[in-house]
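Asker: Quick one: the structure is below, and I'll ask about it shortly.
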Amino acid sequence: KLGGWAHFGTFEDRRFADDGSLLADPGGSGDAAKRHGDWGFYGVLEQQLYRPKGGEADSGISVFARLSLSPSDRNDIGLFADGGIVFAGMIAGRPDDKFGASLMYAQFSDGVRAFARDQIAWTGTPTVVPDYEMNLELTYLAQIIPGWTVQPVLTYVWHPSGESGRDAMVVGVRSNWRY
């Protein structure tokens with residue numbers, strides 16, 4: 001599927017001030033230039049690669065991929081892409097369990113990166129110039145009893161908030177009751 005979106009509101013520029021100066025310039029107005037409207041394009045691919053004989057419609061092995069692009073002057077993220085694989089109902093006796101793995105990449109926009117470089121140039125103070133954030137996520141959804149699932153999640157994050165040289169590990173668990 002391919003698509004696009006539009007928002008007709010007003011958005012602040014990520015680098016330039018309303019007086020034409022750079023936002024990081026101490027002699028400028030310090031008020032972001034206003035941009036009218038925002039938009040983006042996206043693509044989504046989902047495909048079932050395998051379904052066990054006699055299996056439910058959503059059982060088997062499926063893959064997905066998504067890509068989106070947005071203008072760099074009014075968005076923090078200009079490029080986003082992710083993809084993954086899901087194994088559903090593949091364990092005998094556990095037809096409702098799912099295992100998934102995904103990889104996500106978010107590139108900070110040119111405007112955000114340029115603003116950080118401008119801050120360094122104007123103030124001389126070192127700051128982070130965000131580049132990208134990338135996540136690898138592994139998860140397992142286990143049905144404990146009908147209506148109750150438990151889902152541990154393990155996520156490794158490269159460059160959290162775009163800061164190179166830092167990585168993070170996030171561990172969590174989600175539980176749902178349906179009644």
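Identifiers in this document derive from the order of the structure tokens: chains are assigned A, B, ..., residues are numbered from 1 separately in each chain, and ligands are numbered from 1 in order of occurrence.
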With only C-alpha atoms as the counted atoms, please give the residues lying no more than 7 Å from Gln151 of chain A, apart from itself and same-chain residues fewer than 3 positions off, as a VMD selection string.
Answerer: chain A and resid 139 to 142 173 to 175
Asker: Give me the residues near Asp76 of chain A as an NGL selection string, where near means some atom within 8 Å (using only C-alpha atoms) and where sequence neighbours in that chain fewer than 4 positions away do not count.
Answerer: :A and (14 or 72 or 108-109 or 111-112)
Asker: How close does each residue of segment 34-140 of chain A get to segment 156-168 of chain A, giving the shortest atom pair and distance in Å to one decimal for every residue with an atom at most 6 Å away, counting only C-alpha atoms, sorted by chain and residue number, as CSV?
Answerer:
residue,atom,partner,partner_atom,distance
A:Pro130,CA,A:Gly162,CA,4.1
A:Asp131,CA,A:Gly162,CA,4.9
A:Tyr132,CA,A:Gly162,CA,4.6
A:Glu133,CA,A:His159,CA,5.0
A:Met134,CA,A:Trp158,CA,5.1
A:Asn135,CA,A:Val157,CA,4.5
A:Leu136,CA,A:Tyr156,CA,5.2
Asker: Thr125 of chain A: which residues within 12 Å, counting only C-alpha atoms, same-chain residues fewer than 6 positions away excluded, as an mmCIF file with all heavy atoms, in the first residue's frame?
Answerer:
data_model
loop_
_atom_site.group_PDB
_atom_site.id
_atom_site.type_symbol
_atom_site.label_atom_id
_atom_site.label_comp_id
_atom_site.auth_asym_id
_atom_site.auth_seq_id
_atom_site.Cartn_x
_atom_site.Cartn_y
_atom_site.Cartn_z
ATOM 1 N N ALA A 24 19.657 29.515 16.183
ATOM 2 C CA ALA A 24 20.756 29.440 17.150
ATOM 3 C C ALA A 24 21.504 30.759 17.300
ATOM 4 O O ALA A 24 22.286 30.927 18.231
ATOM 5 C CB ALA A 24 21.734 28.340 16.731
ATOM 6 N N ALA A 116 21.534 21.888 15.457
ATOM 7 C CA ALA A 116 22.534 21.484 16.461
ATOM 8 C C ALA A 116 23.932 21.963 16.057
ATOM 9 O O ALA A 116 24.688 22.463 16.893
ATOM 10 C CB ALA A 116 22.517 19.972 16.647
ATOM 11 N N ARG A 117 24.261 21.844 14.772
ATOM 12 C CA ARG A 117 25.570 22.340 14.305
ATOM 13 C C ARG A 117 25.659 23.864 14.440
ATOM 14 O O ARG A 117 26.699 24.406 14.794
ATOM 15 C CB ARG A 117 25.823 21.895 12.864
ATOM 16 C CG ARG A 117 26.170 20.421 12.740
ATOM 17 C CD ARG A 117 26.679 20.058 11.346
ATOM 18 N NE ARG A 117 25.698 20.278 10.300
ATOM 19 C CZ ARG A 117 24.773 19.387 9.905
ATOM 20 N NH1 ARG A 117 24.721 18.208 10.485
ATOM 21 N NH2 ARG A 117 23.934 19.672 8.948
ATOM 22 N N ASP A 118 24.557 24.553 14.149
ATOM 23 C CA ASP A 118 24.524 26.018 14.304
ATOM 24 C C ASP A 118 24.750 26.409 15.770
ATOM 25 O O ASP A 118 25.470 27.369 16.052
ATOM 26 C CB ASP A 118 23.175 26.590 13.843
ATOM 27 C CG ASP A 118 22.933 26.427 12.353
ATOM 28 O OD1 ASP A 118 23.905 26.177 11.610
ATOM 29 O OD2 ASP A 118 21.758 26.538 11.943
ATOM 30 N N GLN A 119 24.127 25.671 16.705
ATOM 31 C CA GLN A 119 24.320 25.962 18.136
ATOM 32 C C GLN A 119 25.788 25.849 18.511
ATOM 33 O O GLN A 119 26.315 26.687 19.242
ATOM 34 C CB GLN A 119 23.502 24.995 18.993
ATOM 35 C CG GLN A 119 22.054 25.336 19.103
ATOM 36 C CD GLN A 119 21.354 24.401 20.071
ATOM 37 O OE1 GLN A 119 21.469 23.186 19.963
ATOM 38 N NE2 GLN A 119 20.647 24.981 21.022
#
Asker: Do you know which residues are at most 6 Å from segment 31-47 of chain A counting only C-alpha atoms, after dropping those on the same chain fewer than 3 positions away, and could you put them as a list in words?
Answerer: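 Here the answer would be Lys1, Leu2, Gly3, Gly4, Trp5, Ala6, His7, Phe8, Gly9, Thr10, Phe11, Glu12, Asp13, Phe16, Ala17, Asp18, Ser62, Val63, Phe64, Ala65, Arg66, Leu67, Ser68, Leu69 and Ser70 of chain A.
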Asker: Where in segment 44-113 of chain A does DSSP assign strand (DSSP E), given as a PyMOL selection string?
Answerer: chain A and resi 44-50+60-69+77-88+98-108
Asker: Can you pull out every residue within 8 Å of Lys98 of chain A, counting only C-alpha atoms, but drop anything in the same chain fewer than 2 positions away, and send it as a PyMOL selection string?
Answerer: chain A and resi 86-90+96+100+140-142
Asker: Could you please determine the separation between atom CA of Gly78 of chain A and atom CA of Ala114 of chain A in Å, to one decimal place?
Answerer: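 Atom CA of Ala114 of chain A lies 12.9 Å from atom CA of Gly78 of chain A.
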